[in-house]
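Asks: So I've got this file, my_file.txt, and it contains compact mmCIF, C-alpha atoms:
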```
# COMPACT_ATOMS: atom_id res chain seq x y z
CA MET O 1 40.15 12.93 -20.47
CA ALA O 2 40.40 14.97 -17.28
CA ALA O 3 41.10 13.18 -14.03
CA LYS O 4 38.10 12.62 -11.76
CA ARG O 5 37.90 15.17 -8.97
CA HIS O 6 37.72 13.72 -5.44
CA PRO O 7 36.19 15.86 -2.66
CA LEU O 8 38.25 16.37 0.46
CA PRO O 9 36.98 15.05 3.82
CA ILE O 10 35.11 17.47 6.06
CA GLU O 11 38.00 17.54 8.54
CA THR O 12 40.48 18.51 5.80
CA ARG O 13 38.21 21.25 4.47
CA ALA O 14 37.82 22.62 7.99
CA GLU O 15 41.63 22.58 8.34
CA VAL O 16 41.92 24.57 5.10
CA ILE O 17 39.69 27.28 6.56
CA GLU O 18 41.68 27.36 9.82
CA LEU O 19 44.99 27.70 7.93
CA SER O 20 43.48 30.46 5.83
CA LYS O 21 42.45 32.33 8.97
CA ALA O 22 46.03 31.94 10.23
CA GLY O 23 47.22 33.99 7.24
CA LYS O 24 48.68 31.27 5.02
CA SER O 25 48.37 31.54 1.25
CA GLU O 26 46.39 29.15 -0.91
CA ARG O 27 49.62 27.63 -2.31
CA GLN O 28 51.01 27.01 1.19
CA ILE O 29 47.73 25.46 2.32
CA ALA O 30 47.63 23.21 -0.77
CA LEU O 31 51.13 21.87 -0.05
CA GLN O 32 50.30 21.26 3.63
CA VAL O 33 47.04 19.35 3.08
CA GLY O 34 48.16 17.57 -0.10
CA SER O 35 45.69 19.21 -2.47
CA SER O 36 45.73 21.54 -5.45
CA LYS O 37 45.63 25.31 -5.28
CA GLY O 38 42.42 25.41 -7.31
CA GLN O 39 40.68 23.03 -4.92
CA VAL O 40 41.76 25.07 -1.91
CA GLY O 41 40.45 28.19 -3.60
CA ARG O 42 37.09 26.61 -4.20
CA ILE O 43 36.85 25.52 -0.57
CA LEU O 44 37.62 29.01 0.67
CA ARG O 45 34.98 30.48 -1.60
CA ASP O 46 32.34 27.94 -0.62
CA GLN O 47 30.22 28.75 2.45
CA ARG O 48 32.73 28.68 5.30
CA ASP O 49 30.06 28.95 7.94
CA LYS O 50 28.29 25.89 6.58
CA ILE O 51 31.44 23.76 6.80
CA GLU O 52 32.20 24.94 10.34
CA ASN O 53 28.69 24.08 11.49
CA LEU O 54 28.87 20.69 9.84
CA LYS O 55 32.06 19.99 11.76
CA ASP O 56 30.46 20.97 15.07
CA VAL O 57 27.08 19.31 14.57
CA GLN O 58 28.04 16.11 12.78
CA GLY O 59 31.41 14.66 13.59
CA ASN O 60 30.74 11.42 11.71
CA ILE O 61 29.66 12.75 8.31
CA PRO O 62 30.76 10.55 5.38
CA ASN O 63 33.85 11.70 3.50
CA ASN O 64 32.01 11.93 0.19
CA LEU O 65 29.42 14.38 1.53
CA LYS O 66 28.78 17.32 -0.80
CA ARG O 67 26.15 20.05 -0.49
CA ARG O 68 24.07 18.30 2.17
CA LYS O 69 21.83 20.75 3.95
CA LEU O 70 22.47 21.52 7.57
CA VAL O 71 20.47 19.70 10.21
CA ASP O 72 18.29 22.15 12.07
CA ILE O 73 19.72 22.46 15.59
CA ALA O 74 16.45 23.90 16.94
CA PRO O 75 13.40 22.54 15.09
CA LYS O 76 10.74 25.06 14.28
CA TYR O 77 7.80 22.84 15.22
CA CYS O 78 8.92 21.18 18.45
CA GLU O 79 5.41 20.11 19.50
CA ILE O 80 4.81 18.22 16.26
CA GLU O 81 8.21 16.57 16.31
CA ASN O 82 7.85 15.47 19.94
CA ALA O 83 4.45 13.95 19.15
CA CYS O 84 6.00 11.93 16.31
CA VAL O 85 8.80 10.63 18.55
CA LEU O 86 6.30 9.72 21.28
CA PHE O 87 4.16 7.87 18.74
CA LEU O 88 7.22 5.99 17.51
CA GLU O 89 8.05 4.87 21.04
CA ARG O 90 4.47 3.74 21.71
CA ALA O 91 4.35 1.82 18.46
CA LYS O 92 7.61 0.08 19.39
CA GLU O 93 6.10 -1.06 22.69
CA HIS O 94 3.25 -2.73 20.80
CA GLY O 95 5.54 -4.17 18.12
CA ILE O 96 3.82 -2.17 15.36
CA PRO O 97 5.90 -1.18 12.31
CA VAL O 98 5.90 2.54 11.56
CA THR O 99 6.35 4.14 8.14
CA GLY O 100 7.09 7.62 6.92
CA PRO O 101 3.53 8.25 5.64
CA MET O 102 2.19 7.36 9.09
CA LEU O 103 4.42 9.97 10.75
CA ARG O 104 3.48 12.57 8.15
CA THR O 105 -0.23 11.92 8.70
CA LEU O 106 0.27 12.24 12.46
CA ALA O 107 2.21 15.49 11.99
CA LEU O 108 -0.64 17.01 9.98
CA ARG O 109 -3.10 16.04 12.70
CA GLU O 110 -0.92 17.61 15.39
CA ALA O 111 -0.54 20.78 13.34
CA GLU O 112 -4.30 21.03 13.00
CA ASN O 113 -4.82 20.41 16.73
CA CYS O 114 -2.25 23.09 17.61
CA ASN O 115 -3.69 25.55 15.05
CA ILE O 116 -0.33 25.80 13.29
CA GLN O 117 -0.64 27.50 9.92
CA GLY O 118 1.67 26.96 6.96
CA PHE O 119 3.07 23.62 8.15
CA SER O 120 3.90 21.10 5.42
CA THR O 121 4.99 17.48 5.87
CA SER O 122 7.43 17.48 2.99
CA GLU O 123 10.03 14.80 2.40
CA GLY O 124 12.65 17.30 3.53
CA TRP O 125 10.88 17.85 6.85
CA LEU O 126 10.63 14.10 7.47
CA ASP O 127 14.27 13.61 6.52
CA ARG O 128 15.40 16.28 8.99
CA VAL O 129 13.33 14.72 11.78
CA LYS O 130 14.87 11.31 11.12
CA ARG O 131 18.39 12.75 11.04
CA ARG O 132 17.89 14.69 14.26
CA HIS O 133 16.76 11.61 16.15
CA GLY O 134 18.80 8.97 14.35
CA ILE O 135 15.66 7.29 12.98
CA HIS O 136 16.14 4.93 10.09
CA GLY O 137 14.19 2.21 8.27
CA ARG O 138 14.98 -1.49 8.12
CA HIS O 139 13.60 -4.22 5.92
CA LEU O 140 12.55 -7.30 7.87
CA SER O 141 11.76 -9.64 4.99
CA GLY O 142 11.29 -9.78 1.24
CA GLU O 143 9.76 -11.83 -1.56
CA ALA O 144 10.24 -12.13 -5.33
CA ALA O 145 8.57 -13.98 -8.21
CA SER O 146 9.49 -14.87 -11.75
CA ALA O 147 7.87 -16.44 -14.81
CA ASN O 148 8.93 -18.06 -18.07
CA LYS O 149 9.22 -15.14 -20.48
CA VAL O 150 8.78 -17.28 -23.59
CA VAL O 151 5.50 -18.71 -22.30
CA VAL O 152 4.33 -15.22 -21.34
CA MET O 153 5.10 -13.80 -24.79
CA ASN O 154 3.35 -16.71 -26.52
CA TRP O 155 0.30 -16.19 -24.31
CA MET O 156 0.10 -12.47 -25.05
CA GLU O 157 0.18 -13.24 -28.76
CA GLN O 158 -2.85 -15.51 -28.28
CA ILE O 159 -4.93 -12.96 -26.36
CA PRO O 160 -6.38 -11.13 -29.43
CA GLU O 161 -7.69 -14.46 -30.74
CA LEU O 162 -9.11 -15.47 -27.33
CA ILE O 163 -11.02 -12.22 -26.79
CA GLU O 164 -12.25 -11.88 -30.36
CA GLY O 165 -15.97 -11.16 -30.40
CA TYR O 166 -16.10 -9.98 -26.78
CA ASP O 167 -16.60 -6.38 -25.74
CA PRO O 168 -14.01 -5.17 -23.17
CA LYS O 169 -16.80 -4.67 -20.63
CA ASN O 170 -17.55 -8.42 -20.84
CA ILE O 171 -13.96 -9.56 -20.22
CA PHE O 172 -13.41 -10.32 -16.52
CA ASN O 173 -10.63 -11.55 -14.26
CA CYS O 174 -11.10 -13.01 -10.78
CA ASP O 175 -8.48 -13.96 -8.24
CA GLU O 176 -8.11 -14.75 -4.55
CA THR O 177 -5.55 -13.35 -2.16
CA GLY O 178 -4.72 -14.01 1.46
CA LEU O 179 -4.82 -11.06 3.85
CA TYR O 180 -3.21 -10.98 7.28
CA TYR O 181 -5.50 -8.18 8.24
CA LYS O 182 -3.64 -7.02 11.36
CA GLN O 183 -0.21 -6.82 9.75
CA THR O 184 1.02 -3.49 8.44
CA THR O 185 4.52 -3.69 6.98
CA SER O 186 7.88 -5.38 7.48
CA LEU O 187 9.69 -2.03 7.44
CA SER O 188 9.64 0.17 10.53
CA LEU O 189 11.32 3.33 11.74
CA VAL O 190 13.29 2.75 14.94
CA MET O 191 15.10 4.90 17.48
CA PRO O 192 18.92 4.81 17.95
CA GLY O 193 20.00 1.69 19.82
CA ASP O 194 16.69 -0.15 19.33
CA ALA O 195 16.97 -3.80 18.36
CA CYS O 196 15.36 -4.67 15.04
CA HIS O 197 12.76 -6.98 16.59
CA GLY O 198 9.02 -6.82 16.13
CA GLY O 199 6.25 -8.11 18.36
CA LYS O 200 4.44 -11.40 18.00
CA ALA O 201 3.40 -11.94 14.41
CA GLN O 202 -0.27 -11.16 13.78
CA LYS O 203 -1.43 -14.30 12.00
CA GLU O 204 -5.17 -13.66 11.80
CA ARG O 205 -5.97 -14.33 8.19
CA LEU O 206 -8.84 -14.26 5.74
CA THR O 207 -9.20 -14.77 2.01
CA LEU O 208 -10.46 -12.10 -0.35
CA LEU O 209 -11.80 -12.85 -3.83
CA ILE O 210 -12.17 -9.94 -6.21
CA CYS O 211 -13.50 -9.82 -9.75
CA CYS O 212 -13.50 -6.93 -12.22
CA SER O 213 -13.85 -6.28 -15.93
CA TRP O 214 -11.42 -4.77 -18.39
CA MET O 215 -13.54 -1.61 -18.36
CA GLY O 216 -13.12 -1.19 -14.60
CA GLU O 217 -16.49 -2.64 -13.57
CA LYS O 218 -16.28 -4.18 -10.08
CA VAL O 219 -18.23 -7.18 -8.79
CA LYS O 220 -19.21 -7.54 -5.14
CA PRO O 221 -16.12 -8.98 -3.36
CA LEU O 222 -16.13 -12.25 -1.43
CA ILE O 223 -14.54 -12.56 2.02
CA ILE O 224 -13.80 -15.96 3.56
CA GLY O 225 -13.31 -16.15 7.32
CA LYS O 226 -13.12 -18.92 9.90
CA SER O 227 -16.32 -18.36 11.86
CA THR O 228 -19.67 -19.34 10.45
CA ARG O 229 -21.33 -16.59 12.46
CA PRO O 230 -18.77 -14.08 13.83
CA ARG O 231 -19.82 -12.52 17.11
CA CYS O 232 -19.26 -8.99 15.78
CA LEU O 233 -21.73 -9.73 12.95
CA ARG O 234 -24.42 -11.45 15.03
CA SER O 235 -26.96 -8.67 14.39
CA VAL O 236 -26.17 -8.37 10.65
CA ASP O 237 -27.98 -10.02 7.77
CA LEU O 238 -25.06 -11.80 6.11
CA GLU O 239 -27.04 -12.38 2.92
CA ASN O 240 -27.60 -8.66 2.28
CA MET O 241 -24.18 -7.16 2.97
CA SER O 242 -22.19 -5.01 0.58
CA VAL O 243 -19.72 -7.88 0.46
CA SER O 244 -20.30 -11.63 0.34
CA TYR O 245 -19.15 -13.61 3.35
CA LYS O 246 -18.45 -17.34 3.59
CA SER O 247 -16.68 -19.42 6.22
CA GLN O 248 -14.13 -22.20 6.14
CA LYS O 249 -12.25 -23.61 9.13
CA SER O 250 -8.87 -22.38 7.85
CA SER O 251 -10.33 -19.36 5.98
CA TRP O 252 -9.10 -20.77 2.66
CA MET O 253 -10.95 -21.02 -0.60
CA ASN O 254 -12.35 -24.49 -1.31
CA GLY O 255 -14.31 -26.15 -4.08
CA ASP O 256 -17.71 -25.65 -2.48
CA ILE O 257 -17.23 -21.92 -1.93
CA PHE O 258 -15.79 -21.30 -5.38
CA SER O 259 -18.55 -23.33 -6.98
CA TRP O 260 -21.10 -21.17 -5.15
CA TRP O 261 -19.36 -17.96 -6.22
CA ILE O 262 -18.98 -18.84 -9.90
CA ASN O 263 -22.63 -19.92 -10.05
CA GLU O 264 -23.71 -16.62 -8.48
CA PHE O 265 -21.54 -14.71 -10.97
CA GLU O 266 -22.94 -16.72 -13.89
CA SER O 267 -26.50 -16.15 -12.70
CA LEU O 268 -25.84 -12.39 -12.44
CA MET O 269 -24.47 -12.24 -15.99
CA TYR O 270 -27.29 -14.37 -17.39
CA GLN O 271 -29.97 -12.19 -15.80
CA ALA O 272 -28.25 -9.12 -17.28
CA GLY O 273 -28.28 -10.74 -20.73
CA ARG O 274 -24.49 -10.70 -21.05
CA LYS O 275 -22.03 -13.20 -22.51
CA VAL O 276 -18.74 -12.81 -20.66
CA LEU O 277 -15.23 -14.20 -20.71
CA GLN O 278 -13.81 -15.04 -17.28
CA PHE O 279 -10.01 -15.36 -17.01
CA MET O 280 -8.57 -17.11 -13.95
CA ASP O 281 -5.46 -18.95 -12.85
CA ASN O 282 -5.25 -22.72 -12.80
CA ALA O 283 -5.37 -23.16 -9.03
CA THR O 284 -6.59 -26.60 -8.01
CA VAL O 285 -9.75 -25.18 -6.52
CA HIS O 286 -10.63 -23.59 -9.89
CA ASN O 287 -10.55 -26.89 -11.77
CA ILE O 288 -14.07 -27.55 -10.61
CA VAL O 289 -15.37 -25.27 -13.39
CA GLU O 290 -14.32 -27.86 -15.97
CA GLN O 291 -17.15 -30.07 -14.71
CA MET O 292 -19.72 -27.27 -14.76
CA GLU O 293 -21.87 -25.91 -17.58
CA PHE O 294 -22.56 -22.18 -17.92
CA ARG O 295 -25.05 -20.28 -20.03
CA ALA O 296 -23.38 -16.86 -19.93
CA VAL O 297 -19.76 -17.44 -18.86
CA LYS O 298 -16.80 -18.89 -20.72
CA VAL O 299 -13.78 -19.66 -18.52
CA VAL O 300 -10.21 -19.34 -19.80
CA PHE O 301 -7.19 -20.36 -17.72
CA PHE O 302 -3.85 -18.55 -17.70
CA PRO O 303 -0.69 -20.62 -18.39
CA LYS O 304 0.83 -22.30 -15.37
CA ASN O 305 3.25 -20.31 -13.20
CA THR O 306 2.81 -17.10 -15.19
CA THR O 307 0.06 -15.24 -13.35
CA CYS O 308 2.51 -12.70 -11.90
CA SER O 309 2.97 -11.46 -15.48
CA THR O 310 -0.26 -12.41 -17.23
CA GLN O 311 -3.05 -11.88 -14.69
CA PRO O 312 -4.38 -8.31 -14.30
CA CYS O 313 -5.30 -8.83 -10.65
CA ASP O 314 -1.66 -9.74 -9.93
CA ALA O 315 -0.37 -6.83 -12.03
CA GLY O 316 -1.38 -4.24 -9.45
CA ILE O 317 -5.09 -4.54 -8.70
CA ILE O 318 -4.71 -6.70 -5.59
CA GLN O 319 -1.68 -4.71 -4.44
CA THR O 320 -3.60 -1.44 -4.75
CA VAL O 321 -6.55 -2.84 -2.80
CA LYS O 322 -4.21 -3.98 -0.03
CA LEU O 323 -2.52 -0.57 0.08
CA LEU O 324 -5.89 1.15 0.33
CA TYR O 325 -6.85 -1.29 3.09
CA ARG O 326 -3.58 -0.62 4.89
CA LYS O 327 -4.32 3.09 4.80
CA GLN O 328 -7.54 2.39 6.73
CA LEU O 329 -5.58 0.23 9.19
CA HIS O 330 -2.92 2.93 9.66
CA ASN O 331 -5.55 5.57 10.39
CA PHE O 332 -7.07 3.30 13.02
CA ILE O 333 -3.68 2.68 14.67
CA LEU O 334 -2.91 6.40 14.68
CA SER O 335 -6.21 7.12 16.38
CA ALA O 336 -5.73 4.34 18.92
CA LEU O 337 -2.15 5.19 19.91
CA THR O 338 -2.72 8.94 20.10
CA HIS O 339 -5.89 8.62 22.20
CA GLU O 340 -5.35 9.79 25.79
CA CYS O 341 -2.39 7.85 27.24
CA GLY O 342 -1.99 5.50 24.32
CA GLU O 343 -2.58 2.47 26.54
CA VAL O 344 -5.07 0.84 24.18
CA ASP O 345 -3.69 -2.11 22.21
CA PRO O 346 -4.88 -1.45 18.64
CA TYR O 347 -4.67 -5.11 17.68
CA LYS O 348 -7.25 -6.10 20.29
CA GLU O 349 -9.71 -3.55 18.91
CA ILE O 350 -9.61 -4.94 15.35
CA ASN O 351 -12.47 -7.33 14.62
CA LEU O 352 -13.97 -8.79 11.48
CA ALA O 353 -16.65 -6.08 11.26
CA ARG O 354 -13.98 -3.36 11.03
CA VAL O 355 -11.96 -5.41 8.54
CA ILE O 356 -15.01 -5.83 6.30
CA VAL O 357 -15.59 -2.08 6.40
CA TRP O 358 -11.97 -1.31 5.48
CA LEU O 359 -11.94 -3.86 2.67
CA PHE O 360 -15.22 -2.50 1.35
CA ARG O 361 -13.79 1.02 1.29
CA ALA O 362 -10.57 -0.17 -0.36
CA TRP O 363 -12.49 -1.96 -3.13
CA ARG O 364 -14.82 0.99 -3.51
CA ASP O 365 -11.96 3.50 -3.76
CA LEU O 366 -10.02 1.48 -6.34
CA LYS O 367 -10.05 3.63 -9.47
CA PRO O 368 -11.42 2.09 -12.68
CA ALA O 369 -8.45 3.60 -14.53
CA THR O 370 -6.12 1.44 -12.40
CA ILE O 371 -7.97 -1.70 -13.47
CA VAL O 372 -7.82 -0.69 -17.14
CA LYS O 373 -4.07 -0.09 -16.92
CA CYS O 374 -3.47 -3.48 -15.29
CA PHE O 375 -5.40 -5.26 -18.03
CA SER O 376 -3.44 -3.36 -20.69
CA HIS O 377 -0.17 -4.18 -18.95
CA CYS O 378 -0.99 -7.88 -19.24
CA GLY O 379 -1.55 -7.72 -22.99
CA PHE O 380 -5.30 -7.08 -23.15
CA SER O 381 -4.92 -4.26 -25.65
CA LYS O 382 -3.59 -4.15 -29.17
CA ALA O 383 -1.44 -1.37 -30.55
CA GLY O 384 -3.49 1.75 -31.03
CA ASP O 385 -6.45 0.55 -28.96
CA ILE O 386 -7.63 2.90 -26.24
CA VAL O 387 -10.03 1.55 -23.64
CA GLU O 388 -11.74 4.18 -21.50
CA PRO O 389 -12.60 3.13 -17.93
CA GLN O 390 -16.27 2.70 -17.17
CA GLN O 391 -17.49 5.30 -14.71
CA THR O 392 -19.75 3.30 -12.42
CA PRO O 393 -21.42 5.12 -9.52
CA LEU O 394 -19.88 4.57 -6.10
CA LEU O 395 -21.58 4.44 -2.75
CA GLU O 396 -21.54 7.83 -1.07
CA THR O 397 -19.82 7.17 2.24
CA GLU O 398 -17.49 9.14 4.44
CA ALA O 399 -14.06 7.70 5.08
CA GLU O 400 -12.31 10.65 6.71
CA THR O 401 -13.05 9.80 10.34
CA LEU O 402 -13.07 6.61 12.33
CA LEU O 403 -16.69 5.58 12.71
CA SER O 404 -18.16 3.77 15.68
CA ALA O 405 -19.08 0.10 15.27
CA GLU O 406 -22.75 0.97 14.87
CA GLU O 407 -22.05 3.64 12.23
CA GLU O 408 -19.72 1.29 10.37
CA GLN O 409 -22.37 -1.39 10.23
CA MET O 410 -24.93 1.10 8.92
CA GLU O 411 -22.48 2.09 6.20
CA ILE O 412 -21.37 -1.36 5.10
CA PHE O 413 -24.55 -3.35 5.66
CA PRO O 414 -27.36 -1.34 4.03
CA PRO O 415 -30.68 -3.23 4.32
CA SER O 416 -31.63 -2.43 0.73
CA TRP O 417 -28.56 -4.08 -0.80
CA SER O 418 -29.16 -7.00 -3.13
CA GLN O 419 -26.81 -9.02 -5.26
CA LYS O 420 -28.80 -8.34 -8.43
CA ASN O 421 -27.77 -4.69 -8.53
CA CYS O 422 -24.23 -5.06 -7.17
CA LEU O 423 -22.63 -4.03 -10.45
CA THR O 424 -24.71 -0.92 -10.94
CA ARG O 425 -24.23 0.18 -7.35
CA TRP O 426 -20.46 0.16 -7.82
```
I'd like the structure from this file rewritten - as structure tokens, please.
Replies:
Amino acid sequence: MAAKRHPLPIETRAEVIELSKAGKSERQIALQVGSSKGQVGRILRDQRDKIENLKDVQGNIPNNLKRRKLVDIAPKYCEIENACVLFLERAKEHGIPVTGPMLRTLALREAENCNIQGFSTSEGWLDRVKRRHGIHGRHLSGEAASANKVVVMNWMEQIPELIEGYDPKNIFNCDETGLYYKQTTSLSLVMPGDACHGGKAQKERLTLLICCSWMGEKVKPLIIGKSTRPRCLRSVDLENMSVSYKSQKSSWMNGDIFSWWINEFESLMYQAGRKVLQFMDNATVHNIVEQMEFRAVKVVFFPKNTTCSTQPCDAGIIQTVKLLYRKQLHNFILSALTHECGEVDPYKEINLARVIVWLFRAWRDLKPATIVKCFSHCGFSKAGDIVEPQQTPLLETEAETLLSAEEEQMEIFPPSWSQKNCLTRW
């Protein structure tokens, strides 16, 4: 077995080129630098100009560097790059984490404003910008979950028996999730020398309950906030919104709210003449259904401490909704920080009305195929079964530009909305 080849440091390779220019032979150079003649020959044949530039531009390049592209000394699109750096500095002042996709979105906007043709925010472009300015990402926190694999496997073996006799369109899963609606991410790009400290944590929270079927059918979501009558919604009919809204002093789900929701869901299914299977976790607040009688709904609980592996909503549905919501939040922050002098604090401009709009769009834009895949991932499909997502009509709304508060309310709070047709409208 041939010995593993070790690349020479940049400084040594540069010395090889200098000795070659001085007229020394490859054998003499190999003896002087402690290398082989073949390795010296390869160095001399390999892009001398590139190595010289690397030595001049980057004096602290790692020793194991091979074939890394040169950093552009003079960027081609200076205006776009300067706008990205300025945005990064403004975001730092407000303690807002910044991600690569945010900078790429901003770059595309700047290119459009400057009428620059042929500009592309590729990963290579972003990487060169970060290397030129010493920008790097840092993780601020993390979280992990695990489940008993034996219990999970036993549960998945029971699923075919549990769902026997039910059409996939009548198999539902509901789940709640907490949303700190002003938080973006724990990872941020920072400038050289910046301390890895964020601003004051944005702790405004609400609870979101979502429910969908195996076929990708989506039920009107439920949002739980603190205020019984939020000031930003004082002119809105809360009973006829595109989302359901309830209040609780800590914005948590409680027995009264869940009892109301499950009764509304059961009434909707009964009026539609459907017999459905509703899967849910065994949270304490859900135990109230054991004391209730339903005409059209049968409730099945997942095994304890396994929902991260057995519940479709936890298998990617909730995460996708939050990512789609965060995209709306990022677009708002980009617009706020790039407006005029960037003196507007984006966090102060975020109210519950905007949050409801963004959550509505996120739930609306969730693809039925994503829901189907999450159900299948959790064992809701037998070998050979193919479940096609149900193509339900979506509301025709524009989401490309930031709407005013009045326009947002007209979009999210249509006067003709009623709970009876919430499934068909999705």
Asks: Name the residues in contact with Lys37 of chain O at a cut-off of 9 Å, using all atoms listed in the file, excluding same-chain residues fewer than 4 positions from it; report them as a list in words.
Replies: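 So, after excluding close chain neighbours, the residues are Glu26, Arg27, Gln28, Ile29, Ala30, Leu31, Gly41 and Arg42 of chain O.
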Asks: Tell me which protein, DNA and RNA residues are within 6 Å of segment 170-181 of chain O, counting all atoms listed in the file, leaving out same-chain ones fewer than 3 positions away, and put them as a VMD selection string.
Replies: chain O and resid 167 204 to 214 276 to 280
Asks: Pick the closest to Glu217 of chain O from O:Leu366, O:Leu162, O:Ile257, O:Val285: which is it, counting all atoms listed in the file?
Replies: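 Using all atoms listed in the file, Glu217 of chain O sits closest to O:Leu366.
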Asks: At what distance in Å, to one decimal, does atom CA of Asp314 of chain O lie from atom CA of Gln271 of chain O?
Replies: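 That distance, rounded to one decimal, is 29.0 Å.
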Asks: Under the rule that all atoms listed in the file are counted, which of O:Gln319, O:Asn287, O:Leu189, O:His330 is the nearest residue to Val300 of chain O?
Replies: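 Between O:Gln319, O:Asn287, O:Leu189, O:His330, the residue approaching Val300 of chain O most closely is O:Asn287.
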Asks: What is the atom CA of Ser35 of chain O to atom CA of Ala14 of chain O distance in Å?
Replies: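 Computed distance, atom CA of Ser35 of chain O to atom CA of Ala14 of chain O, equals 13.5 Å.
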Asks: Nearest to Pro230 of chain O among O:Arg326, O:Lys246, O:Arg90, O:Lys367, with distances taken over all atoms listed in the file: which residue is it?
Replies: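 Under the stated criterion, the closest residue is O:Lys246.
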Asks: If we count all atoms listed in the file, what is near Thr105 of chain O at a cut-off of 12 Å, once residues fewer than 4 positions away on the same chain are taken out, given as a ChimeraX atom specification?
Replies: /O:80,83-84,87,98-101,109-112,120-122,126,327,330-335
Asks: Within 9 Å of His136 of chain O, counting all atoms listed in the file, which residues show up once you throw out same-chain ones fewer than 5 positions away? Write them as a count of residues only, please.
Replies: 7
Asks: So which residues are close to (39.0, 23.0, 7.2), meaning at most 10 Å away in the file's coordinates with all atoms listed in the file counted, and can you show them as a PyMOL selection string?
Replies: chain O and resi 8-20+33+40+43-44+48+51-52+55
Asks: At what distance in Å, to one decimal, does atom CA of Lys169 of chain O lie from atom CA of Val355 of chain O?
Replies: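 Those two atoms sit 29.6 Å apart.
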Asks: Using only C-alpha atoms for the distances, tell me which of O:Cys378, O:Ala91, O:Ala336, O:Leu222 is nearest to Trp155 of chain O.
Replies: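 Using only C-alpha atoms, Trp155 of chain O sits closest to O:Cys378.
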Asks: Smallest atom-to-atom distance to Cys78 of chain O: which of O:Val219, O:Arg132, O:Gln39, O:Gly95, using all atoms listed in the file?
Replies: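 Of all the options, O:Arg132 lies closest to Cys78 of chain O.
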